[in-house]
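Pasted below: run-v3.pdb, PDB, C-alpha atoms and all ligand atoms.
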```pdb
MODEL        1
ATOM      1  CA  MET U 211     -32.273 -14.785  24.101
ATOM      2  CA  LEU U 212     -28.659 -15.897  24.563
ATOM      3  CA  HIS U 213     -25.934 -14.740  22.211
ATOM      4  CA  SER U 214     -25.455 -18.328  20.955
ATOM      5  CA  ASP U 215     -29.186 -18.597  20.295
ATOM      6  CA  ILE U 216     -29.056 -15.476  18.197
ATOM      7  CA  ILE U 217     -26.212 -16.944  16.187
ATOM      8  CA  ASN U 218     -28.120 -20.217  15.674
ATOM      9  CA  ASP U 219     -31.208 -18.299  14.790
ATOM     10  CA  MET U 220     -29.345 -16.485  12.117
ATOM     11  CA  GLN U 221     -27.634 -19.461  10.502
ATOM     12  CA  ASN U 222     -30.189 -19.214   7.734
ATOM     13  CA  ASN U 223     -29.639 -15.520   7.447
ATOM     14  CA  GLN U 224     -25.970 -15.428   6.473
ATOM     15  CA  PRO U 225     -25.238 -11.701   6.182
ATOM     16  CA  LYS U 226     -26.512 -10.833   9.650
ATOM     17  CA  ALA U 227     -24.899 -13.863  11.277
ATOM     18  CA  LEU U 228     -21.520 -12.991   9.773
ATOM     19  CA  ALA U 229     -21.787  -9.443  11.011
ATOM     20  CA  LEU U 230     -21.978 -10.838  14.552
ATOM     21  CA  LEU U 231     -18.894 -13.038  14.281
ATOM     22  CA  LYS U 232     -15.572 -12.057  15.788
ATOM     23  CA  GLU U 233     -12.701 -11.333  13.456
ATOM     24  CA  ASN U 234     -10.728 -14.489  14.286
ATOM     25  CA  GLU U 235     -13.807 -16.634  13.597
ATOM     26  CA  LEU U 236     -14.230 -14.972  10.221
ATOM     27  CA  ILE U 237     -10.564 -15.537   9.439
ATOM     28  CA  GLU U 238     -10.840 -19.261  10.221
ATOM     29  CA  ARG U 239     -13.887 -19.563   7.956
ATOM     30  CA  ALA U 240     -12.279 -17.504   5.219
ATOM     31  CA  LYS U 241      -9.171 -19.700   5.322
ATOM     32  CA  ASN U 242     -11.448 -22.618   4.469
ATOM     33  CA  ARG U 243     -12.586 -20.627   1.460
ATOM     34  CA  ASP U 244     -15.862 -19.422   2.926
ATOM     35  CA  HIS U 245     -16.298 -16.538   0.501
ATOM     36  CA  ALA U 246     -18.986 -14.771   2.486
ATOM     37  CA  ALA U 247     -16.700 -14.720   5.538
ATOM     38  CA  PHE U 248     -13.864 -13.239   3.490
ATOM     39  CA  GLU U 249     -16.174 -10.599   2.080
ATOM     40  CA  GLU U 250     -17.243  -9.663   5.597
ATOM     41  CA  LEU U 251     -13.538  -9.118   6.397
ATOM     42  CA  VAL U 252     -13.264  -6.907   3.325
ATOM     43  CA  LYS U 253     -16.285  -4.874   4.433
ATOM     44  CA  ARG U 254     -14.846  -4.336   7.895
ATOM     45  CA  ASN U 255     -11.405  -3.278   6.711
ATOM     46  CA  GLN U 256     -11.881  -1.605   3.345
ATOM     47  CA  ALA U 257     -12.222   1.951   4.666
ATOM     48  CA  LYS U 258      -8.897   1.704   6.535
ATOM     49  CA  ILE U 259      -7.047   0.533   3.446
ATOM     50  CA  TYR U 260      -8.754   3.037   1.142
ATOM     51  CA  ASN U 261      -7.873   5.939   3.442
ATOM     52  CA  LEU U 262      -4.301   4.730   3.764
ATOM     53  CA  GLY U 263      -4.167   4.713  -0.037
ATOM     54  CA  LEU U 264      -5.447   8.278  -0.203
ATOM     55  CA  LYS U 265      -2.806   9.417   2.264
ATOM     56  CA  LEU U 266       0.090   7.583   0.645
ATOM     57  CA  LEU U 267      -0.808   8.011  -3.021
ATOM     58  CA  GLY U 268      -2.742  11.258  -2.950
ATOM     59  CA  ASN U 269      -5.566  10.479  -5.382
ATOM     60  CA  LYS U 270      -8.777   8.456  -5.550
ATOM     61  CA  GLU U 271      -7.876   6.375  -8.601
ATOM     62  CA  ASP U 272      -4.686   5.008  -7.078
ATOM     63  CA  ALA U 273      -6.399   4.501  -3.722
ATOM     64  CA  ALA U 274      -9.127   2.479  -5.462
ATOM     65  CA  ASP U 275      -6.539   0.340  -7.276
ATOM     66  CA  LEU U 276      -4.604  -0.146  -4.050
ATOM     67  CA  LEU U 277      -7.756  -1.311  -2.283
ATOM     68  CA  GLN U 278      -8.546  -3.867  -4.957
ATOM     69  CA  GLU U 279      -4.987  -5.215  -5.239
ATOM     70  CA  THR U 280      -4.640  -5.459  -1.472
ATOM     71  CA  PHE U 281      -7.737  -7.590  -0.979
ATOM     72  CA  ILE U 282      -7.005  -9.804  -3.962
ATOM     73  CA  ASN U 283      -3.508 -10.420  -2.624
ATOM     74  CA  ALA U 284      -4.968 -10.971   0.828
ATOM     75  CA  TYR U 285      -7.392 -13.566  -0.550
ATOM     76  CA  TYR U 286      -4.553 -15.602  -2.036
ATOM     77  CA  ALA U 287      -2.244 -15.112   0.945
ATOM     78  CA  LEU U 288      -4.787 -15.770   3.695
ATOM     79  CA  PRO U 289      -3.974 -19.493   4.134
ATOM     80  CA  LYS U 290      -0.476 -18.342   5.147
ATOM     81  CA  PHE U 291      -1.759 -15.849   7.738
ATOM     82  CA  GLU U 292      -0.688 -17.247  11.109
ATOM     83  CA  GLY U 293      -2.235 -14.662  13.383
ATOM     84  CA  LYS U 294       1.123 -13.543  14.779
ATOM     85  CA  SER U 295       0.078  -9.952  14.220
ATOM     86  CA  ALA U 296      -3.351  -8.340  14.111
ATOM     87  CA  PHE U 297      -5.224  -8.996  10.881
ATOM     88  CA  SER U 298      -5.299  -5.267  10.100
ATOM     89  CA  THR U 299      -1.513  -5.039  10.582
ATOM     90  CA  TRP U 300      -1.143  -7.899   8.119
ATOM     91  CA  LEU U 301      -3.399  -6.071   5.640
ATOM     92  CA  TYR U 302      -1.400  -2.860   6.052
ATOM     93  CA  ARG U 303       1.705  -4.843   5.266
ATOM     94  CA  ILE U 304       0.238  -5.993   1.967
ATOM     95  CA  ALA U 305      -1.135  -2.521   1.250
ATOM     96  CA  THR U 306       2.148  -0.709   1.913
ATOM     97  CA  ASN U 307       4.020  -3.130  -0.327
ATOM     98  CA  ASN U 308       1.519  -2.429  -3.081
ATOM     99  CA  ALA U 309       1.892   1.294  -2.455
ATOM    100  CA  PHE U 310       5.696   0.992  -2.843
ATOM    101  CA  MET U 311       5.206  -0.756  -6.187
ATOM    102  CA  LYS U 312       2.954   2.051  -7.381
ATOM    103  CA  MET U 313       5.464   4.669  -6.237
ATOM    104  CA  ARG U 314       8.240   2.840  -8.080
ATOM    105  CA  LYS U 315       6.174   2.828 -11.261
ATOM    106  CA  LYS U 316       5.652   6.564 -10.916
ATOM    107  CA  LYS U 317       9.401   7.009 -10.384
ATOM    108  CA  ILE U 318       8.872   8.422  -6.910
ATOM    109  CA  PRO U 319      12.141   7.859  -5.014
ATOM    110  CA  LEU U 320      11.599   5.424  -2.150
ATOM    111  CA  VAL U 321      14.576   6.109   0.094
ATOM    112  CA  ARG U 322      16.640   8.899  -1.433
ATOM    113  CA  PHE U 323      15.989  12.489  -0.447
ATOM    114  CA  GLU U 324      15.822  14.883  -3.380
ATOM    115  CA  THR U 325      17.284  17.868  -1.543
ATOM    116  CA  GLN U 326      20.351  18.384   0.595
ATOM    117  CA  THR U 327      18.468  20.320   3.268
ATOM    118  CA  SER U 328      17.059  17.124   4.697
ATOM    119  CA  ASP U 329      20.487  15.928   5.813
ATOM    120  CA  SER U 330      19.739  15.464   9.477
ATOM    121  CA  GLY U 331      23.400  15.601  10.516
ATOM    122  CA  LYS U 332      23.765  19.232   9.473
ATOM    123  CA  LEU U 333      23.768  21.492  12.493
ATOM    124  CA  GLU U 334      23.811  24.881  10.856
ATOM    125  CA  PHE U 335      20.327  24.737   9.427
ATOM    126  CA  TYR U 336      18.803  23.742  12.689
ATOM    127  CA  HIS U 337      20.850  26.185  14.746
ATOM    128  CA  ASN U 338      19.865  29.122  12.573
ATOM    129  CA  ALA U 339      16.164  28.309  12.578
ATOM    130  CA  PRO U 340      13.889  30.823  14.257
ATOM    131  CA  ASP U 341      11.569  29.794  17.064
ATOM    132  CA  TRP U 342       8.235  29.844  15.253
ATOM    133  CA  SER U 343       6.550  27.424  17.661
ATOM    134  CA  ASN U 344       4.394  30.250  19.030
ATOM    135  CA  ASP U 345       3.831  32.032  15.729
ATOM    136  CA  PRO U 346       0.134  32.985  15.547
ATOM    137  CA  GLY U 347       0.050  31.656  11.978
ATOM    138  CA  ALA U 348       0.757  28.194  13.337
ATOM    139  CA  HIS U 349      -2.421  28.173  15.409
ATOM    140  CA  LEU U 350      -5.031  29.305  12.939
ATOM    141  CA  ARG U 351      -6.885  27.092  10.557
ATOM    142  CA  ASN U 352      -4.651  28.147   7.793
ATOM    143  CA  GLN U 353      -5.226  26.899   4.254
ATOM    144  CA  GLU U 354      -1.746  27.942   3.134
ATOM    145  CA  LEU U 355      -0.156  25.943   5.933
ATOM    146  CA  LYS U 356      -2.297  22.916   5.122
ATOM    147  CA  LEU U 357      -1.119  22.985   1.508
ATOM    148  CA  LEU U 358       2.487  23.422   2.566
ATOM    149  CA  ILE U 359       2.287  20.436   4.907
ATOM    150  CA  GLU U 360       0.650  18.230   2.264
ATOM    151  CA  LYS U 361       3.220  19.254  -0.319
ATOM    152  CA  SER U 362       6.097  18.669   2.101
ATOM    153  CA  VAL U 363       4.905  15.237   3.249
ATOM    154  CA  ASP U 364       4.384  14.313  -0.406
ATOM    155  CA  ALA U 365       7.973  15.384  -1.107
ATOM    156  CA  LEU U 366       9.348  12.812   1.346
ATOM    157  CA  PRO U 367      10.861   9.701  -0.276
ATOM    158  CA  GLY U 368       8.163   6.982  -0.443
ATOM    159  CA  LYS U 369       9.373   4.790   2.398
ATOM    160  CA  TYR U 370       9.927   7.752   4.705
ATOM    161  CA  LYS U 371       6.522   9.147   3.849
ATOM    162  CA  THR U 372       4.889   5.786   4.566
ATOM    163  CA  ILE U 373       6.619   5.474   7.925
ATOM    164  CA  PHE U 374       5.802   9.078   8.833
ATOM    165  CA  VAL U 375       2.121   8.665   7.912
ATOM    166  CA  LEU U 376       1.807   5.362   9.792
ATOM    167  CA  HIS U 377       3.564   6.695  12.898
ATOM    168  CA  ASP U 378       2.751  10.373  13.227
ATOM    169  CA  ILE U 379      -0.592  10.556  11.426
ATOM    170  CA  GLU U 380      -2.151   7.108  11.954
ATOM    171  CA  GLY U 381      -0.587   6.536  15.370
ATOM    172  CA  PHE U 382       0.925   3.066  14.889
ATOM    173  CA  SER U 383       3.772   2.135  17.230
ATOM    174  CA  THR U 384       7.320   1.704  15.944
ATOM    175  CA  GLU U 385       7.015  -2.033  16.772
ATOM    176  CA  GLU U 386       3.886  -2.408  14.633
ATOM    177  CA  ILE U 387       5.501  -0.546  11.751
ATOM    178  CA  SER U 388       8.648  -2.642  11.991
ATOM    179  CA  LYS U 389       6.482  -5.755  11.507
ATOM    180  CA  MET U 390       4.547  -4.210   8.628
ATOM    181  CA  LEU U 391       7.620  -3.121   6.719
ATOM    182  CA  ASN U 392      10.154  -5.779   7.755
ATOM    183  CA  LEU U 393      12.491  -3.178   9.239
ATOM    184  CA  SER U 394      14.208  -3.104  12.608
ATOM    185  CA  VAL U 395      12.665  -0.882  15.292
ATOM    186  CA  PRO U 396      15.736   1.436  15.370
ATOM    187  CA  ALA U 397      15.486   1.817  11.575
ATOM    188  CA  VAL U 398      11.827   2.823  11.891
ATOM    189  CA  LYS U 399      12.652   5.319  14.658
ATOM    190  CA  SER U 400      15.453   6.852  12.675
ATOM    191  CA  ARG U 401      13.217   7.257   9.618
ATOM    192  CA  VAL U 402      10.467   8.882  11.666
ATOM    193  CA  HIS U 403      13.092  11.283  12.973
ATOM    194  CA  ARG U 404      14.559  12.118   9.569
ATOM    195  CA  SER U 405      11.085  12.732   8.143
ATOM    196  CA  ARG U 406      10.303  15.124  10.972
ATOM    197  CA  MET U 407      13.601  16.942  10.411
ATOM    198  CA  PHE U 408      12.766  17.344   6.744
ATOM    199  CA  LEU U 409       9.269  18.689   7.474
ATOM    200  CA  ARG U 410      10.498  20.962  10.233
ATOM    201  CA  ASP U 411      12.993  22.428   7.809
ATOM    202  CA  LYS U 412      10.192  23.189   5.324
ATOM    203  CA  LEU U 413       8.087  24.806   8.039
ATOM    204  CA  SER U 414      11.059  26.822   9.314
ATOM    205  CA  SER U 415      11.622  28.272   5.844
ATOM    206  CA  TYR U 416       7.916  29.117   5.608
ATOM    207  CA  PHE U 417       7.776  30.906   8.952
ATOM    208  CA  GLN U 418      11.136  32.591   8.434
ATOM    209  CA  THR U 419       9.894  34.206   5.209
ATOM    210  CA  ASP U 420       6.718  35.103   7.016
ATOM    211  CA  LEU U 421       8.630  36.764   9.859
ATOM    212  CA  LYS U 422      10.834  38.717   7.417
ATOM    213  CA  GLN U 423       7.827  39.949   5.477
ATOM    214  CA  GLY U 424       6.228  41.039   8.744
ATOM    215  CA  ALA U 425       9.360  42.989   9.682
ATOM    216  CA  ASN U 426       9.314  44.837   6.350
ATOM    217  CA  LEU U 427       5.800  46.147   6.792
TER
ATOM    218  CA  MET H 243      27.918  15.260  24.279
ATOM    219  CA  LYS H 244      27.477  17.429  21.195
ATOM    220  CA  CYS H 245      24.105  18.928  20.242
ATOM    221  CA  GLU H 246      24.037  16.713  17.155
ATOM    222  CA  LYS H 247      23.761  13.636  19.324
ATOM    223  CA  TYR H 248      20.653  14.990  21.014
ATOM    224  CA  LEU H 249      18.542  15.433  17.891
ATOM    225  CA  GLU H 250      17.144  11.909  17.637
ATOM    226  CA  LEU H 251      16.831  11.682  21.426
ATOM    227  CA  ILE H 252      14.702  14.855  21.329
ATOM    228  CA  SER H 253      12.483  13.218  18.713
ATOM    229  CA  LEU H 254      12.067  10.164  20.950
ATOM    230  CA  TYR H 255      11.514  12.454  23.941
ATOM    231  CA  ILE H 256       8.500  13.900  22.100
ATOM    232  CA  ASP H 257       7.164  10.354  21.710
ATOM    233  CA  ARG H 258       7.900   9.535  25.390
ATOM    234  CA  ASP H 259       9.952   6.673  24.082
ATOM    235  CA  LEU H 260      13.023   7.040  26.330
ATOM    236  CA  ASP H 261      14.040   5.446  29.607
ATOM    237  CA  GLN H 262      14.422   7.642  32.679
ATOM    238  CA  ASP H 263      18.197   8.092  32.328
ATOM    239  CA  GLU H 264      17.771   9.373  28.793
ATOM    240  CA  VAL H 265      14.899  11.655  29.805
ATOM    241  CA  ASP H 266      17.152  13.212  32.475
ATOM    242  CA  LEU H 267      19.944  13.629  29.948
ATOM    243  CA  VAL H 268      17.680  15.355  27.420
ATOM    244  CA  GLU H 269      15.962  17.601  29.956
ATOM    245  CA  GLU H 270      19.272  18.682  31.440
ATOM    246  CA  HIS H 271      20.573  19.608  28.011
ATOM    247  CA  LEU H 272      17.389  21.451  27.012
ATOM    248  CA  CYS H 273      17.741  23.637  30.133
ATOM    249  CA  LEU H 274      21.289  24.563  29.160
ATOM    250  CA  CYS H 275      21.032  24.862  25.389
ATOM    251  CA  GLU H 276      18.776  27.464  23.795
ATOM    252  CA  ASN H 277      19.313  26.058  20.282
ATOM    253  CA  CYS H 278      18.184  22.590  21.209
ATOM    254  CA  MET H 279      15.255  24.049  23.124
ATOM    255  CA  ILE H 280      14.130  25.851  19.952
ATOM    256  CA  PHE H 281      14.731  22.657  18.030
ATOM    257  CA  PHE H 282      12.570  20.736  20.506
ATOM    258  CA  ARG H 283       9.713  23.273  20.384
ATOM    259  CA  THR H 284       9.633  23.547  16.604
ATOM    260  CA  LEU H 285       9.970  19.786  16.081
ATOM    261  CA  LYS H 286       7.080  19.172  18.465
ATOM    262  CA  LYS H 287       5.038  21.778  16.626
ATOM    263  CA  THR H 288       5.910  20.150  13.287
ATOM    264  CA  VAL H 289       4.429  16.857  14.480
ATOM    265  CA  ALA H 290       1.351  18.585  15.925
ATOM    266  CA  LEU H 291       0.680  20.589  12.754
ATOM    267  CA  SER H 292       1.142  17.539  10.541
ATOM    268  CA  ARG H 293      -1.418  15.687  12.640
ATOM    269  CA  VAL H 294      -3.920  18.507  12.224
ATOM    270  CA  TYR H 295      -3.344  19.271   8.581
ATOM    271  CA  TYR H 296      -2.216  16.202   6.670
ATOM    272  CA  ARG H 297      -5.221  14.760   4.778
ATOM    273  CA  LYS H 298      -7.089  14.228   7.987
ATOM    274  CA  LYS H 299     -10.461  13.883   6.301
ATOM    275  CA  TYR H 300     -11.820  10.358   6.637
ATOM    276  CA  CYS H 301     -13.420   9.177   3.402
ATOM    277  CA  ARG H 302     -15.980   6.449   2.934
ATOM    278  CA  VAL H 303     -15.165   3.979   0.189
ATOM    279  CA  PRO H 304     -17.207   5.034  -2.855
ATOM    280  CA  LYS H 305     -19.887   2.446  -3.652
ATOM    281  CA  ASN H 306     -18.629   1.724  -7.160
ATOM    282  CA  VAL H 307     -15.071   1.213  -5.868
ATOM    283  CA  SER H 308     -16.242  -1.280  -3.284
ATOM    284  CA  GLU H 309     -18.440  -3.086  -5.817
ATOM    285  CA  ARG H 310     -15.468  -3.433  -8.137
ATOM    286  CA  VAL H 311     -13.515  -5.240  -5.384
ATOM    287  CA  PHE H 312     -16.363  -7.708  -4.800
ATOM    288  CA  TYR H 313     -16.778  -8.226  -8.530
ATOM    289  CA  GLN H 314     -13.065  -9.023  -8.921
ATOM    290  CA  LEU H 315     -13.220 -11.466  -6.032
ATOM    291  CA  ARG H 316     -16.139 -13.267  -7.654
ATOM    292  CA  VAL H 317     -14.163 -13.564 -10.875
ATOM    293  CA  ILE H 318     -11.424 -15.266  -8.846
ATOM    294  CA  TYR H 319     -13.882 -17.664  -7.143
ATOM    295  CA  GLU H 320     -15.181 -18.674 -10.550
ATOM    296  CA  LYS H 321     -11.661 -19.337 -11.829
ATOM    297  CA  GLU H 322     -10.913 -21.450  -8.759
ATOM    298  CA  LYS H 323     -13.830 -23.763  -9.482
ATOM    299  CA  PHE H 324     -12.023 -25.161 -12.492
TER
HETATM  300 ZN    ZN W   1      22.158  21.664  22.219
ENDMDL
END
```
Take the structure in the file and write it out as structure tokens.
Amino acid sequence: MLHSDIINDMQNNQPKALALLKENELIERAKNRDHAAFEELVKRNQAKIYNLGLKLLGNKEDAADLLQETFINAYYALPKFEGKSAFSTWLYRIATNNAFMKMRKKKIPLVRFETQTSDSGKLEFYHNAPDWSNDPGAHLRNQELKLLIEKSVDALPGKYKTIFVLHDIEGFSTEEISKMLNLSVPAVKSRVHRSRMFLRDKLSSYFQTDLKQGANL
Amino acid sequence: MKCEKYLELISLYIDRDLDQDEVDLVEEHLCLCENCMIFFRTLKKTVALSRVYYRKKYCRVPKNVSERVFYQLRVIYEKEKF
């Protein structure tokens, strides 16, 4: 049976037929307020948005709220979607904006660093750092290190954290992120860099203490 | 060029996001400057460790969470009818 025959065959069997449609076909149908088509788009993308919520907001309740708000906003905004970016990039854009609103409500700073140590222009702190890149502790599956990294990423200002997670954890390109967040590419690059500097500083302190303790034994 | 000016270039070097001239510039400096070499190694390790450790677990959307989204959408469809 040909692919088109299968589709025709399944016209009466909506759920299966929709599952076979390409994303752009679903988008066209959903724009014309085909609810089943929109719900198929939700099904295909909900895990991505939920997991982004968990990473950015750190708990299931907020991730669940973020998921719901994102798809409700997407439903209303869909007629304006022009297909200039991938549909998932467009969804991430809505989701990150919602995440920023939640962070603002929780009084999480969005762009301001809380500590002075993150000032990337300061040479002394980076010149005095030990070379821990081959520290055995950095290779093991180390619960302490995991907690430190989660705590440190969570301590980044909201917009930096979002850019760091999208770039270094999720693997989006700086161009994609610049479209999602309405920032220039150099601004995205510079924020990735500053986030890394901040995290490296936290890790350096951790390994430095570790090295000192080792020397005292 | 001062070390300070190399920091962001080193970050971009890790991402292979530099043109050949800049790559040469960075590599030449890393050979000459122990501090920047340590900076490069530890920054690279920072990125690698974050990738391994930061909430890497992929979660399925809980059924009740997903159902709530579909329920809310249906409420909206109903409103739109009027
Ligand atoms: Zn140097």
> What lies within 9 Å of Ala290 of chain H using all atoms listed in the file, ignoring chain neighbours under 5 positions off, as a PyMOL selection string?
Replying inline: (chain U and resi 378) or (chain H and resi 285+295)
How would the residues just chosen look if you wrote them out with C-alpha atoms as a short mmCIF file (atom, residue, chain, number, x, y, z; two decimals), in the coordinates of the input?
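Everything below was put into out.cif:
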```cif
data_model
loop_
_atom_site.label_atom_id
_atom_site.label_comp_id
_atom_site.auth_asym_id
_atom_site.auth_seq_id
_atom_site.Cartn_x
_atom_site.Cartn_y
_atom_site.Cartn_z
CA ASP U 378 2.75 10.37 13.23
CA LEU H 285 9.97 19.79 16.08
CA TYR H 295 -3.34 19.27 8.58
#
```
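Around the point (23.4, 23.0, 24.8), within 12 Å and counting all atoms listed in the file, we find these residues: U:His337, H:Met243, H:Lys244, H:Cys245, H:Glu246, H:Lys247, H:Tyr248, H:Leu249, H:Leu267, H:Val268, H:Glu269, H:Glu270, H:His271, H:Leu272, H:Cys273, H:Leu274, H:Cys275, H:Glu276, H:Asn277, H:Cys278, H:Met279, H:Ile280, H:Phe281, H:Phe282.
For the residues H:Tyr296, H:Asp266, H:Val307, H:Ile252, ranking by smallest atom-to-atom distance to ligand ZN 1 (chain W) using all atoms listed in the file places H:Ile252 first.
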>> What's around Leu320 of chain U at 8 Å? Count only C-alpha atoms, leave out sequence neighbours fewer than 5 positions away in its own chain, and write the answer as a VMD selection string.
In response: chain U and resid 310 313 to 314 367 to 370
>> With all atoms listed in the file considered, list every residue of chain H at most 8 Å from chain U, as number ranges by chain.
In response: H: 246, 250, 253-254, 277-278, 280-281, 283-285, 287-289, 291-293, 295-297, 300-303, 307-308, 310-312, 314-315
> For this file, the PyMOL selection byres (((chain U and resi 300-303) around 10) and not hetatm) selects which residues, as a ChimeraX atom specification?
Replying inline: /U:255-256,258-259,262,280-281,283-284,288,291-299,304-309,376,386-392
